[in-house]
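Enquirer: Here you go, final26.cif (mmCIF, C-alpha atoms):
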data_input
loop_
_atom_site.label_atom_id
_atom_site.label_comp_id
_atom_site.auth_asym_id
_atom_site.auth_seq_id
_atom_site.Cartn_x
_atom_site.Cartn_y
_atom_site.Cartn_z
CA MET A 1212 67.41 73.18 127.32
CA LYS A 1213 64.57 71.51 129.19
CA THR A 1214 66.73 69.92 131.91
CA ARG A 1215 68.90 71.96 134.28
CA ILE A 1216 70.57 71.59 137.65
CA ILE A 1217 69.22 74.32 139.94
CA ASN A 1218 70.51 74.54 143.51
CA GLY A 1219 71.82 71.01 143.18
CA LYS A 1220 68.45 69.62 142.05
CA LYS A 1221 67.65 68.13 138.67
CA CYS A 1222 64.86 70.27 137.23
CA GLU A 1223 63.06 69.29 134.05
CA LEU A 1224 60.28 70.91 132.04
CA LYS A 1225 58.28 68.08 130.53
CA GLY A 1226 54.78 68.32 129.10
CA GLY A 1227 54.56 71.84 130.47
CA ARG A 1228 55.16 70.70 134.04
CA LEU A 1229 58.14 70.97 136.36
CA TYR A 1230 59.80 67.82 137.65
CA ILE A 1231 62.28 68.16 140.50
CA ASP A 1232 64.53 65.12 140.92
CA GLY A 1233 61.96 63.19 138.91
CA VAL A 1234 58.90 64.28 140.94
CA TRP A 1235 56.23 66.52 139.41
CA THR A 1236 56.05 69.61 141.61
CA PHE A 1237 53.26 72.19 141.31
CA MET A 1238 54.88 75.53 142.08
CA LYS A 1239 53.45 77.98 144.56
CA THR A 1240 55.09 81.23 143.46
CA GLY A 1241 54.95 84.42 145.46
CA LYS A 1242 55.96 87.83 144.17
CA PRO A 1243 56.95 90.19 147.02
CA LEU A 1244 56.90 93.75 145.66
CA ARG A 1245 59.88 95.51 147.18
CA ASP A 1246 62.79 97.76 146.26
CA TYR A 1247 65.55 95.21 145.74
CA GLY A 1248 68.17 97.93 145.69
CA ASN A 1249 67.19 98.85 149.25
CA LYS A 1250 69.04 97.05 152.04
CA GLU A 1251 66.40 97.67 154.72
CA GLN A 1252 63.55 96.32 152.62
CA ILE A 1253 65.60 93.26 151.73
CA GLU A 1254 66.52 92.54 155.36
CA GLU A 1255 62.86 92.75 156.33
CA LEU A 1256 61.94 90.30 153.56
CA ILE A 1257 64.71 87.93 154.68
CA SER A 1258 63.15 87.91 158.16
CA HIS A 1259 59.82 86.88 156.57
CA LEU A 1260 61.20 83.97 154.53
CA PRO A 1261 60.51 81.28 157.18
CA ILE A 1262 56.86 82.39 157.23
CA LEU A 1263 56.57 82.15 153.45
CA ALA A 1264 58.27 78.76 153.42
CA LYS A 1265 55.88 77.50 156.09
CA LYS A 1266 52.97 78.69 153.93
CA GLY A 1267 54.19 76.33 151.21
CA TYR A 1268 55.80 78.75 148.78
CA THR A 1269 58.30 77.01 146.54
CA ASN A 1270 59.43 79.96 144.43
CA LEU A 1271 59.79 83.71 145.02
CA ALA A 1272 59.91 85.98 141.96
CA LEU A 1273 61.96 89.13 142.56
CA ASN A 1274 60.81 92.02 140.37
CA CYS A 1275 63.81 94.33 139.97
CA TYR A 1276 62.90 97.79 138.73
CA TRP A 1277 65.44 99.48 136.47
CA HIS A 1278 65.40 102.78 138.38
CA HIS A 1279 66.21 101.05 141.68
CA PHE A 1280 69.56 99.84 140.39
CA ASP A 1281 70.71 102.34 137.78
CA PHE A 1282 71.14 105.92 138.99
CA VAL A 1283 72.55 107.13 135.66
CA GLY A 1284 70.06 105.72 133.17
CA ASP A 1285 72.44 103.99 130.78
CA GLY A 1286 71.92 100.46 132.12
CA THR A 1287 74.90 100.35 134.48
CA ILE A 1288 74.36 98.93 137.97
CA SER A 1289 74.85 101.74 140.47
CA ALA A 1290 73.20 100.21 143.55
CA ASP A 1291 74.88 97.81 145.94
CA ILE A 1292 73.61 94.36 144.96
CA GLU A 1293 75.16 92.48 147.88
CA PRO A 1294 71.89 92.64 149.88
CA LEU A 1295 70.06 91.16 146.87
CA ARG A 1296 72.66 88.41 146.66
CA ARG A 1297 72.14 87.63 150.35
CA LEU A 1298 68.39 87.49 149.77
CA ILE A 1299 68.80 84.95 146.96
CA ASP A 1300 71.00 82.80 149.20
CA ALA A 1301 68.49 83.09 152.04
CA ILE A 1302 65.60 82.06 149.76
CA ASN A 1303 67.55 78.96 148.77
CA ALA A 1304 68.47 78.25 152.40
CA ASN A 1305 64.76 78.26 153.25
CA GLY A 1306 64.11 75.55 150.67
CA MET A 1307 62.65 77.76 147.96
CA PHE A 1308 63.73 78.71 144.44
CA ALA A 1309 64.32 82.30 143.42
CA SER A 1310 63.28 83.72 140.05
CA LEU A 1311 64.53 86.97 138.59
CA SER A 1312 62.21 89.53 137.02
CA VAL A 1313 62.77 92.98 135.55
CA GLU A 1314 60.59 96.02 134.97
CA THR A 1315 61.85 98.42 132.32
CA TYR A 1316 58.64 99.94 130.96
CA GLY A 1317 56.44 102.85 132.08
CA VAL A 1318 53.00 101.20 132.13
CA GLY A 1319 51.39 99.44 135.08
CA GLY A 1320 53.67 100.67 137.86
CA GLY A 1321 57.13 100.73 136.32
CA THR A 1322 59.21 103.82 135.70
CA LEU A 1323 62.58 104.63 134.15
CA PRO A 1324 65.63 106.21 135.81
CA ALA A 1325 65.48 110.00 135.91
CA GLY A 1326 68.93 110.04 134.32
CA PHE A 1327 67.61 108.30 131.22
CA TRP A 1328 64.98 110.97 130.62
CA LYS A 1329 67.55 113.70 131.22
CA ALA A 1330 69.81 112.20 128.56
CA TYR A 1331 67.07 111.15 126.11
CA PRO A 1332 64.01 113.40 126.57
CA ASN A 1333 62.69 112.56 123.10
CA ALA A 1334 62.47 108.81 123.78
CA VAL A 1335 58.87 109.19 124.95
CA ALA A 1336 56.04 107.38 123.16
CA VAL A 1337 53.55 109.46 121.15
CA ASP A 1338 49.88 108.55 120.85
CA SER A 1339 47.66 108.77 117.77
CA ASN A 1340 46.73 112.35 118.68
CA GLY A 1341 50.37 113.40 118.67
CA GLU A 1342 50.53 113.71 122.46
CA LYS A 1343 53.39 112.40 124.58
CA ALA A 1344 52.25 109.39 126.56
CA SER A 1345 52.10 108.87 130.29
CA ASP A 1346 50.46 106.01 132.15
CA THR A 1347 46.92 107.30 132.44
CA GLU A 1348 45.42 103.80 132.16
CA TYR A 1349 46.72 102.54 135.51
CA ALA A 1350 46.90 106.07 137.01
CA TYR A 1351 50.62 106.00 137.80
CA ALA A 1352 51.35 109.00 135.53
CA SER A 1353 54.81 107.59 134.70
CA VAL A 1354 56.30 108.64 131.36
CA VAL A 1355 55.93 105.89 128.75
CA PRO A 1356 59.01 105.23 126.59
CA SER A 1357 58.73 104.44 122.90
CA LEU A 1358 59.38 100.75 122.30
CA TYR A 1359 60.90 101.82 118.98
CA ASP A 1360 63.46 104.23 120.40
CA GLU A 1361 66.99 102.94 119.92
CA ASP A 1362 68.36 104.68 123.03
CA TYR A 1363 65.63 103.18 125.22
CA LEU A 1364 66.18 99.71 123.81
CA ARG A 1365 69.96 99.91 124.20
CA CYS A 1366 69.93 101.26 127.76
CA SER A 1367 67.15 99.02 129.08
CA ARG A 1368 68.84 95.93 127.66
CA ASN A 1369 72.14 97.05 129.09
CA PHE A 1370 70.42 96.98 132.48
CA ILE A 1371 69.03 93.46 131.93
CA ARG A 1372 72.40 92.24 130.68
CA ASN A 1373 74.39 93.87 133.50
CA LEU A 1374 72.04 92.71 136.25
CA SER A 1375 72.13 89.16 134.89
CA LYS A 1376 75.91 89.22 134.66
CA ALA A 1377 76.22 90.49 138.24
CA LEU A 1378 74.04 87.58 139.42
CA SER A 1379 75.29 84.95 136.97
CA ASP A 1380 76.77 82.81 139.74
CA LYS A 1381 73.30 82.42 141.30
CA ASP A 1382 70.72 79.83 140.24
CA PHE A 1383 67.25 81.00 139.23
CA LEU A 1384 64.25 78.86 138.37
CA TYR A 1385 63.41 81.26 135.54
CA CYS A 1386 63.91 84.86 134.43
CA GLU A 1387 60.92 87.05 133.54
CA THR A 1388 60.78 89.81 130.98
CA THR A 1389 58.85 93.02 131.74
CA VAL A 1390 55.38 92.50 133.20
CA GLU A 1391 52.43 92.38 130.77
CA PRO A 1392 54.15 93.46 127.53
CA GLN A 1393 51.83 95.82 125.69
CA TYR A 1394 51.70 99.29 124.21
CA MET A 1395 48.68 100.47 126.21
CA GLY A 1396 44.97 99.71 126.23
CA SER A 1397 43.45 103.15 126.74
CA ARG A 1398 45.25 105.03 123.95
CA TYR A 1399 46.88 104.11 120.65
CA LEU A 1400 50.70 103.96 120.66
CA ASP A 1401 53.16 104.62 119.11
CA TYR A 1402 53.43 107.40 116.51
CA SER A 1403 56.85 108.81 117.40
CA ASP A 1404 59.61 109.55 114.88
CA ALA A 1405 61.28 106.32 116.03
CA ALA A 1406 58.08 104.39 115.26
CA LYS A 1407 57.90 105.95 111.79
CA LYS A 1408 61.49 104.94 111.06
CA ALA A 1409 60.93 101.37 112.26
CA TYR A 1410 57.65 101.01 110.36
CA GLU A 1411 59.13 102.23 107.08
CA ALA A 1412 62.06 99.82 107.40
CA TRP A 1413 59.63 96.97 108.12
CA CYS A 1414 57.45 97.88 105.12
CA ASP A 1415 60.47 97.92 102.79
CA LYS A 1416 61.30 94.39 103.88
CA ASN A 1417 57.89 92.82 104.44
CA CYS A 1418 55.01 94.82 102.95
CA LYS A 1419 55.85 97.39 100.28
CA PHE A 1420 52.16 98.13 99.65
CA ALA A 1421 51.33 99.01 103.26
CA PRO A 1422 49.90 102.51 103.81
CA LYS A 1423 52.33 105.35 104.44
CA PHE A 1424 52.91 106.56 107.96
CA PRO A 1425 50.71 109.61 108.70
CA GLU A 1426 52.37 112.99 108.37
CA THR A 1427 49.96 114.89 110.64
CA PHE A 1428 47.92 114.33 113.79
CA PRO A 1429 45.53 113.02 114.75
CA ALA A 1430 46.44 109.88 112.80
CA PRO A 1431 43.59 108.87 110.45
CA GLU A 1432 41.36 106.18 111.91
CA GLU A 1433 41.86 104.00 108.83
CA PHE A 1434 45.61 103.95 109.53
CA VAL A 1435 45.18 103.32 113.26
CA ASN A 1436 43.10 100.24 112.41
CA ASP A 1437 45.05 99.17 109.31
CA VAL A 1438 45.94 95.47 109.24
CA SER A 1439 49.53 95.96 108.05
CA TRP A 1440 50.25 98.62 110.68
CA ASN A 1441 48.92 96.40 113.45
CA VAL A 1442 50.76 93.31 112.24
CA PHE A 1443 53.92 95.41 112.31
CA ARG A 1444 53.12 96.56 115.86
CA ALA A 1445 52.60 92.94 116.96
CA HIS A 1446 55.88 91.83 115.36
CA TRP A 1447 57.76 94.65 117.08
CA LEU A 1448 56.18 93.95 120.46
CA ALA A 1449 57.16 90.28 120.20
CA ASP A 1450 60.69 91.25 119.26
CA TRP A 1451 60.84 93.55 122.28
CA VAL A 1452 60.22 90.47 124.44
CA ASN A 1453 62.52 88.25 122.37
CA ASN A 1454 65.45 90.65 122.55
CA ASP A 1455 64.98 91.30 126.27
CA ALA A 1456 65.15 87.52 126.69
CA ARG A 1457 68.36 87.43 124.65
CA ALA A 1458 69.81 90.16 126.89
CA TYR A 1459 69.18 87.89 129.87
CA ARG A 1460 70.95 85.02 128.15
CA GLU A 1461 73.88 87.20 127.15
CA GLY A 1462 74.26 88.31 130.76
CA PHE A 1463 74.24 84.76 132.09
CA GLY A 1464 76.75 83.65 129.47
CA GLU A 1465 77.09 79.89 129.17
CA LYS A 1466 74.70 79.18 132.05
CA PRO A 1467 71.34 78.08 130.62
CA VAL A 1468 68.24 79.95 131.79
CA TRP A 1469 64.52 79.49 131.29
CA ILE A 1470 62.69 82.60 130.14
CA ALA A 1471 59.16 83.44 131.26
CA SER A 1472 57.03 86.08 129.57
CA ASP A 1473 53.52 87.35 130.18
CA TYR A 1474 50.81 87.21 127.55
CA LEU A 1475 48.12 89.83 128.21
CA ASP A 1476 44.74 88.95 126.67
CA ALA A 1477 42.36 91.50 128.15
CA ASN A 1478 38.99 92.90 127.10
CA GLU A 1479 38.77 92.22 123.36
CA LYS A 1480 37.94 95.82 122.46
CA THR A 1481 41.35 96.91 123.81
CA MET A 1482 43.48 94.20 122.22
CA CYS A 1483 44.31 96.07 119.01
CA ALA A 1484 45.56 99.04 121.02
CA ARG A 1485 47.53 96.82 123.39
CA MET A 1486 49.39 94.66 120.88
CA GLY A 1487 48.15 95.19 117.35
CA SER A 1488 47.36 91.60 116.43
CA PRO A 1489 47.53 89.19 119.39
CA MET A 1490 47.93 86.14 117.15
CA ASN A 1491 50.83 87.73 115.30
CA PHE A 1492 52.37 88.66 118.64
CA LEU A 1493 52.22 85.03 119.78
CA LEU A 1494 53.41 83.66 116.44
CA ASN A 1495 56.54 85.82 116.61
CA LEU A 1496 57.28 85.11 120.27
CA VAL A 1497 60.18 82.66 119.94
CA GLU A 1498 62.43 83.07 123.00
CA PRO A 1499 60.23 82.29 126.05
CA ASP A 1500 59.99 78.83 127.56
CA ILE A 1501 57.18 79.74 129.94
CA LEU A 1502 54.11 81.74 128.92
CA GLN A 1503 52.23 83.43 131.78
CA VAL A 1504 48.65 84.16 130.75
CA ASN A 1505 46.74 87.23 131.94
CA TRP A 1506 43.72 87.80 132.06
CA THR A 1507 42.73 84.33 133.20
CA TRP A 1508 39.63 85.95 134.70
CA HIS A 1509 37.49 88.38 132.68
CA PHE A 1510 37.25 91.43 134.91
CA ASP A 1511 34.35 93.07 133.09
CA ASP A 1512 32.03 90.07 132.96
CA ARG A 1513 33.49 88.30 136.02
CA HIS A 1514 33.91 84.89 134.42
CA PRO A 1515 36.78 82.69 133.23
CA ASN A 1516 38.64 84.14 130.24
CA ALA A 1517 38.89 81.17 127.89
CA LYS A 1518 39.98 83.13 124.80
CA ALA A 1519 43.43 83.85 126.26
CA TYR A 1520 44.32 80.17 126.58
CA ALA A 1521 42.65 79.34 123.26
CA ARG A 1522 44.97 81.69 121.36
CA VAL A 1523 48.03 80.27 123.09
CA ARG A 1524 46.97 76.69 122.33
CA GLU A 1525 46.23 77.55 118.70
CA VAL A 1526 49.72 78.96 118.20
CA MET A 1527 51.31 76.00 120.00
CA ASN A 1528 49.46 73.58 117.74
CA ALA A 1529 50.40 75.53 114.61
CA THR A 1530 54.07 75.99 115.46
CA LYS A 1531 54.72 72.87 117.60
CA ARG A 1532 56.12 75.16 120.29
CA ASP A 1533 56.58 73.42 123.62
CA TRP A 1534 55.51 76.28 125.88
CA VAL A 1535 54.81 75.88 129.55
CA ILE A 1536 51.41 77.53 130.08
CA THR A 1537 50.88 79.13 133.45
CA GLU A 1538 49.48 82.40 134.78
CA HIS A 1539 50.75 85.85 135.59
CA MET A 1540 49.33 86.95 138.94
CA THR A 1541 46.83 84.13 139.43
CA ILE A 1542 45.35 86.41 142.05
CA ASN A 1543 46.34 89.56 143.89
CA GLY A 1544 44.87 90.99 147.08
CA THR A 1545 42.60 93.55 145.48
CA ASP A 1546 40.92 92.36 142.25
CA TYR A 1547 39.10 89.17 143.25
CA PHE A 1548 36.22 87.99 145.45
CA PRO A 1549 35.99 84.73 147.42
CA HIS A 1550 32.90 83.52 145.57
CA GLU A 1551 34.85 83.72 142.28
CA MET A 1552 37.82 81.66 143.37
CA GLU A 1553 36.41 78.21 142.65
CA ALA A 1554 35.68 79.03 138.98
CA LEU A 1555 38.88 81.04 138.59
CA LEU A 1556 41.20 78.31 139.88
CA ARG A 1557 39.41 75.51 138.07
CA ASN A 1558 39.80 77.52 134.85
CA THR A 1559 43.56 77.64 135.33
CA ILE A 1560 43.70 73.93 136.13
CA GLU A 1561 41.72 73.05 133.02
CA ASN A 1562 43.57 75.30 130.56
CA SER A 1563 47.17 75.54 131.74
CA THR A 1564 49.83 72.83 131.80
CA ASN A 1565 49.77 72.99 135.62
CA PHE A 1566 53.24 74.39 136.21
CA GLY A 1567 51.96 76.36 139.20
CA TRP A 1568 50.15 79.45 140.51
CA GLU A 1569 51.50 82.95 141.20
CA PHE A 1570 50.35 85.26 143.99
CA VAL A 1571 51.01 89.01 144.22
CA ASP A 1572 51.86 90.64 146.64
CA VAL A 1573 53.10 88.19 149.29
CA ALA A 1574 54.94 90.76 151.40
CA VAL A 1575 52.67 92.36 153.99
CA ASP A 1576 52.53 96.14 153.95
CA ASN A 1577 53.10 96.78 157.68
CA VAL A 1578 51.33 100.13 157.51
CA ASP A 1579 48.32 101.73 159.15
CA PRO A 1580 45.22 100.20 157.47
CA SER A 1581 43.46 103.57 157.73
CA GLN A 1582 45.78 104.88 155.02
CA GLU A 1583 44.66 104.76 151.39
CA GLY A 1584 47.80 103.21 149.97
CA VAL A 1585 51.53 102.80 150.19
CA VAL A 1586 54.50 103.41 147.93
CA ILE A 1587 56.04 100.05 147.05
CA ALA A 1588 58.87 99.58 144.57
CA GLY A 1589 58.76 103.29 143.83
CA SER A 1590 55.08 103.36 142.88
CA PHE A 1591 51.77 103.87 144.65
CA LYS A 1592 49.67 100.76 145.09
CA PRO A 1593 46.43 100.07 146.94
CA LEU A 1594 46.98 99.09 150.54
CA ASN A 1595 45.15 95.82 150.04
CA PHE A 1596 47.26 94.59 147.11
CA SER A 1597 48.93 92.04 149.36
CA VAL A 1598 47.12 88.71 149.64
CA TYR A 1599 47.89 88.67 153.37
CA ASN A 1600 46.83 90.82 156.28
CA ASN A 1601 49.47 92.44 158.46
CA ASP A 1602 49.34 89.45 160.84
CA TRP A 1603 50.02 87.10 157.87
CA SER A 1604 46.51 85.67 157.91
CA PRO A 1605 45.23 85.20 154.34
CA LYS A 1606 42.67 87.62 153.01
CA PRO A 1607 39.36 85.97 152.07
CA SER A 1608 40.22 85.15 148.45
CA MET A 1609 43.67 83.85 149.37
CA ALA A 1610 42.16 81.77 152.17
CA ILE A 1611 40.36 79.73 149.50
CA VAL A 1612 43.84 78.81 148.26
CA ASP A 1613 45.79 78.41 151.48
CA ASP A 1614 43.12 76.73 153.60
CA ARG A 1615 42.26 74.23 150.85
CA TRP A 1616 45.74 73.68 149.42
CA ASP A 1617 45.74 69.87 149.84
CA GLU A 1618 42.31 69.69 148.19
CA TRP A 1619 43.49 71.77 145.22
CA MET A 1620 46.59 69.61 144.83
CA SER A 1621 44.42 66.49 144.77
CA ILE A 1622 42.24 68.02 142.04
CA ILE A 1623 45.34 68.96 140.01
CA LYS A 1624 47.02 65.59 140.39
CA ASN A 1625 43.86 63.78 139.31
CA LYS A 1626 43.09 66.07 136.36
#
Can you give me the file's structure in the form of structure tokens?
Expert:
Amino acid sequence: MKTRIINGKKCELKGGRLYIDGVWTFMKTGKPLRDYGNKEQIEELISHLPILAKKGYTNLALNCYWHHFDFVGDGTISADIEPLRRLIDAINANGMFASLSVETYGVGGGTLPAGFWKAYPNAVAVDSNGEKASDTEYAYASVVPSLYDEDYLRCSRNFIRNLSKALSDKDFLYCETTVEPQYMGSRYLDYSDAAKKAYEAWCDKNCKFAPKFPETFPAPEEFVNDVSWNVFRAHWLADWVNNDARAYREGFGEKPVWIASDYLDANEKTMCARMGSPMNFLLNLVEPDILQVNWTWHFDDRHPNAKAYARVREVMNATKRDWVITEHMTINGTDYFPHEMEALLRNTIENSTNFGWEFVDVAVDNVDPSQEGVVIAGSFKPLNFSVYNNDWSPKPSMAIVDDRWDEWMSIIKNK
């Protein structure tokens, strides 16, 4: 459904853009990284809402980590969600939309409840060398679950479903699946027993002449790079996103929701490891309404990453899918330089459908800047990940956005 009533306003997705009561509105989305099962952190964020509203934010995306809400590990909601409900009401009262996001994976900062690993210790992903996987790529060292493991899939989707049901009386602009869906870029996943079972079932149905799953480790290089194996991995990754989206919709019941999902198109040499076949991933991605592209900026060569948008457009043209194209984490406070911002933002304007921009993190850290980092949402992050200083002044890259906001809106409107 492309038209919904959200907080009493008629909201319509048309041509990839958002119209609110008939007026095209370019969204300024902020993602404050906090523990949304923690009353004190929520109350602090509520006190900051007038500041964020004054800065022009129109949407706040709340990334709810599984382990902050489920103390057992089976997907039940153990934490008190009344503070989160108050936050959602306060966001609306300050004239902004709220969006709901989940994090149920172990790569890039997420982690799973300790109770899950106690109950299902064999649900861990296995790399092509036969070693159990942890997040060595982003240096969080969290245990990485197998996306093929039935216990992981059941419990994580129980969490999405139960959280959605508990908040089903609230209005959200959209609901996001887990950040940057991927296997991993720095090692080849997954070669667990669960992966073998899933691959063999897929081969029986789709590709009876595909090579057999390796019996010993390390997995042969010809299998790691095999086309059929990587098409299967792409299909499965897309279905992970699709079925997480369906869990959202089941939780919300009859209330319609828009689903947003990230599409990670990083350094080309890592793409096979991350998602098998990126085009097959996109072709099988059927549930999302909003596709959030990352990387929009090529971090190795420091230039606009056109190939990410090109793949999305190619699939849209081939399938006639009416995706909203926007960005995941247009900028954060640590990865960008002021002199890059002009090219970076113009790249998003030229290639997206101009739904809006997203900024991470928009909650100041309130810690001693002499420290190296801070634990946010249960994970270590660099101190400078916020786009704002502790006095709420924008950091240099974010200043290019905030100080020139009217100019950017004029460029967008006249595109």
Enquirer: Of the candidates A:Arg1372, A:Lys1480, A:Lys1407, A:Arg1365, which shows the shortest atom-to-atom distance to Gly1462 (chain A), using all atoms listed in the file?
Expert: A:Arg1372
Enquirer: Please evaluate the PyMOL selection byres ((chain A and resi 1391-1398) around 10) against the structure above and give the resulting residues as an MDAnalysis selection string.
Expert: chainID A and resid 1314 1316:1319 1336:1340 1344:1349 1355:1358 1388:1390 1399:1401 1444:1445 1448:1449 1451:1452 1472:1478 1480:1487 1503:1506 1539
Enquirer: Please measure the separation of CA of Lys1626 (chain A) and CA of Thr1236 (chain A), giving the value in Å to one decimal.
Expert: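 Taking CA of Lys1626 (chain A) as the start and CA of Thr1236 (chain A) as the end point, the length is 14.4 Å.
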Enquirer: Pull out every residue that the PyMOL selection byres ((chain A and resi 1417-1420) around 12) matches in the shown coordinates and put them as a list in words.
Expert: Ala1409, Tyr1410, Glu1411, Ala1412, Trp1413, Cys1414, Asp1415, Lys1416, Ala1421, Pro1422, Lys1423, Phe1424, Val1438, Ser1439, Trp1440, Val1442, Phe1443 and His1446 of chain A
Enquirer: Do a neighbour search on Glu1461 (chain A) at 12 Å with all atoms listed in the file, toss out local chain neighbours closer than 6 positions, and write the hits as a list in words.
Expert: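 Counting only the stated atoms, we get Arg1368, Asn1369, Phe1370, Ile1371, Arg1372, Asn1373, Leu1374, Ser1375, Lys1376, Ala1377, Ser1379, Asn1454, Asp1455, Pro1467 and Val1468 of chain A.
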Enquirer: Nearest to Phe1548 (chain A): which of A:Met1609, A:Ile1257, A:Ala1290, A:Ile1560 is it, counting only C-alpha atoms?
Expert: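 The closest residue to Phe1548 (chain A) is A:Met1609.
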Enquirer: List, as a ChimeraX atom specification, every residue that the PyMOL selection byres ((chain A and resi 1283) around 10) selects in the file provided.
Expert: /A:1278,1280-1282,1284-1289,1324-1330
Enquirer: Only C-alpha atoms, please: the residues just picked out, written as a PDB file, in the coordinates of the input.
Expert:
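Written file, result.pdb:
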ATOM      1  CA  HIS A1278      65.400 102.780 138.380  1.00  0.00           C
ATOM      2  CA  PHE A1280      69.560  99.840 140.390  1.00  0.00           C
ATOM      3  CA  ASP A1281      70.710 102.340 137.780  1.00  0.00           C
ATOM      4  CA  PHE A1282      71.140 105.920 138.990  1.00  0.00           C
ATOM      5  CA  GLY A1284      70.060 105.720 133.170  1.00  0.00           C
ATOM      6  CA  ASP A1285      72.440 103.990 130.780  1.00  0.00           C
ATOM      7  CA  GLY A1286      71.920 100.460 132.120  1.00  0.00           C
ATOM      8  CA  THR A1287      74.900 100.350 134.480  1.00  0.00           C
ATOM      9  CA  ILE A1288      74.360  98.930 137.970  1.00  0.00           C
ATOM     10  CA  SER A1289      74.850 101.740 140.470  1.00  0.00           C
ATOM     11  CA  PRO A1324      65.630 106.210 135.810  1.00  0.00           C
ATOM     12  CA  ALA A1325      65.480 110.000 135.910  1.00  0.00           C
ATOM     13  CA  GLY A1326      68.930 110.040 134.320  1.00  0.00           C
ATOM     14  CA  PHE A1327      67.610 108.300 131.220  1.00  0.00           C
ATOM     15  CA  TRP A1328      64.980 110.970 130.620  1.00  0.00           C
ATOM     16  CA  LYS A1329      67.550 113.700 131.220  1.00  0.00           C
ATOM     17  CA  ALA A1330      69.810 112.200 128.560  1.00  0.00           C
TER      18      ALA A1330
END
Enquirer: Which residue, A:Lys1266, A:Lys1343, A:Lys1220, A:Arg1460, has the smallest gap to Ser1604 (chain A) when you use all atoms listed in the file?
Expert: A:Lys1266
Enquirer: So the first atom is CA of Asp1404 (chain A) and the second is CA of Cys1275 (chain A); what is the distance between them in Å, to one decimal place?
Expert: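 Interatomic distance, CA of Asp1404 (chain A) to CA of Cys1275 (chain A): 29.6 Å.
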Enquirer: Please, what distance in Å, to one decimal, runs between CA of Asp1546 (chain A) and CA of Pro1607 (chain A)?
Expert: 11.8 Å
Enquirer: Which residue gives the smallest distance to Val1598 (chain A) among A:Asn1305, A:Thr1545, A:Asn1565, A:Thr1559, with all atoms listed in the file counted?
Expert: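 Among the listed residues, A:Thr1545 lies closest to Val1598 (chain A).
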Enquirer: Given all atoms listed in the file as the basis, pick out the residue of A:Asn1436, A:His1259, A:Val1497, A:Ser1488 nearest to Thr1530 (chain A).
Expert: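 Using all atoms listed in the file, Thr1530 (chain A) sits closest to A:Val1497.
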Enquirer: Kindly indicate which residue among A:Ser1367, A:Thr1564, A:Leu1555, A:Arg1524 lies nearest to Ile1536 (chain A), using only C-alpha atoms for the distances.
Expert: A:Thr1564
Enquirer: Starting from the incomplete input, reconstruct N, CA and C atoms of region 1308-1319 of chain A and report them as an mmCIF file, keeping the file's coordinate frame.
Expert:
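Saved to result-v3.cif:
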data_model
loop_
_atom_site.group_PDB
_atom_site.id
_atom_site.type_symbol
_atom_site.label_atom_id
_atom_site.label_comp_id
_atom_site.auth_asym_id
_atom_site.auth_seq_id
_atom_site.Cartn_x
_atom_site.Cartn_y
_atom_site.Cartn_z
ATOM 1 N N PHE A 1308 63.017 78.176 145.599
ATOM 2 C CA PHE A 1308 63.730 78.710 144.440
ATOM 3 C C PHE A 1308 63.551 80.220 144.407
ATOM 4 N N ALA A 1309 64.477 80.881 143.745
ATOM 5 C CA ALA A 1309 64.320 82.300 143.420
ATOM 6 C C ALA A 1309 64.198 82.435 141.915
ATOM 7 N N SER A 1310 63.368 83.365 141.467
ATOM 8 C CA SER A 1310 63.280 83.720 140.050
ATOM 9 C C SER A 1310 63.536 85.204 139.924
ATOM 10 N N LEU A 1311 64.139 85.585 138.811
ATOM 11 C CA LEU A 1311 64.530 86.970 138.590
ATOM 12 C C LEU A 1311 63.597 87.610 137.568
ATOM 13 N N SER A 1312 63.112 88.801 137.900
ATOM 14 C CA SER A 1312 62.210 89.530 137.020
ATOM 15 C C SER A 1312 62.700 90.954 136.876
ATOM 16 N N VAL A 1313 62.387 91.580 135.751
ATOM 17 C CA VAL A 1313 62.770 92.980 135.550
ATOM 18 C C VAL A 1313 61.535 93.790 135.164
ATOM 19 N N GLU A 1314 61.637 95.085 135.387
ATOM 20 C CA GLU A 1314 60.590 96.020 134.970
ATOM 21 C C GLU A 1314 61.288 97.215 134.347
ATOM 22 N N THR A 1315 61.142 97.353 133.032
ATOM 23 C CA THR A 1315 61.850 98.420 132.320
ATOM 24 C C THR A 1315 60.915 99.301 131.503
ATOM 25 N N TYR A 1316 59.600 99.172 131.736
ATOM 26 C CA TYR A 1316 58.640 99.940 130.960
ATOM 27 C C TYR A 1316 57.970 100.961 131.865
ATOM 28 N N GLY A 1317 57.087 101.796 131.315
ATOM 29 C CA GLY A 1317 56.440 102.850 132.080
ATOM 30 C C GLY A 1317 54.949 102.686 132.191
ATOM 31 N N VAL A 1318 54.434 101.461 132.041
ATOM 32 C CA VAL A 1318 53.000 101.200 132.130
ATOM 33 C C VAL A 1318 52.756 100.170 133.224
ATOM 34 N N GLY A 1319 51.776 100.420 134.086
ATOM 35 C CA GLY A 1319 51.390 99.440 135.080
ATOM 36 C C GLY A 1319 52.198 99.489 136.363
#
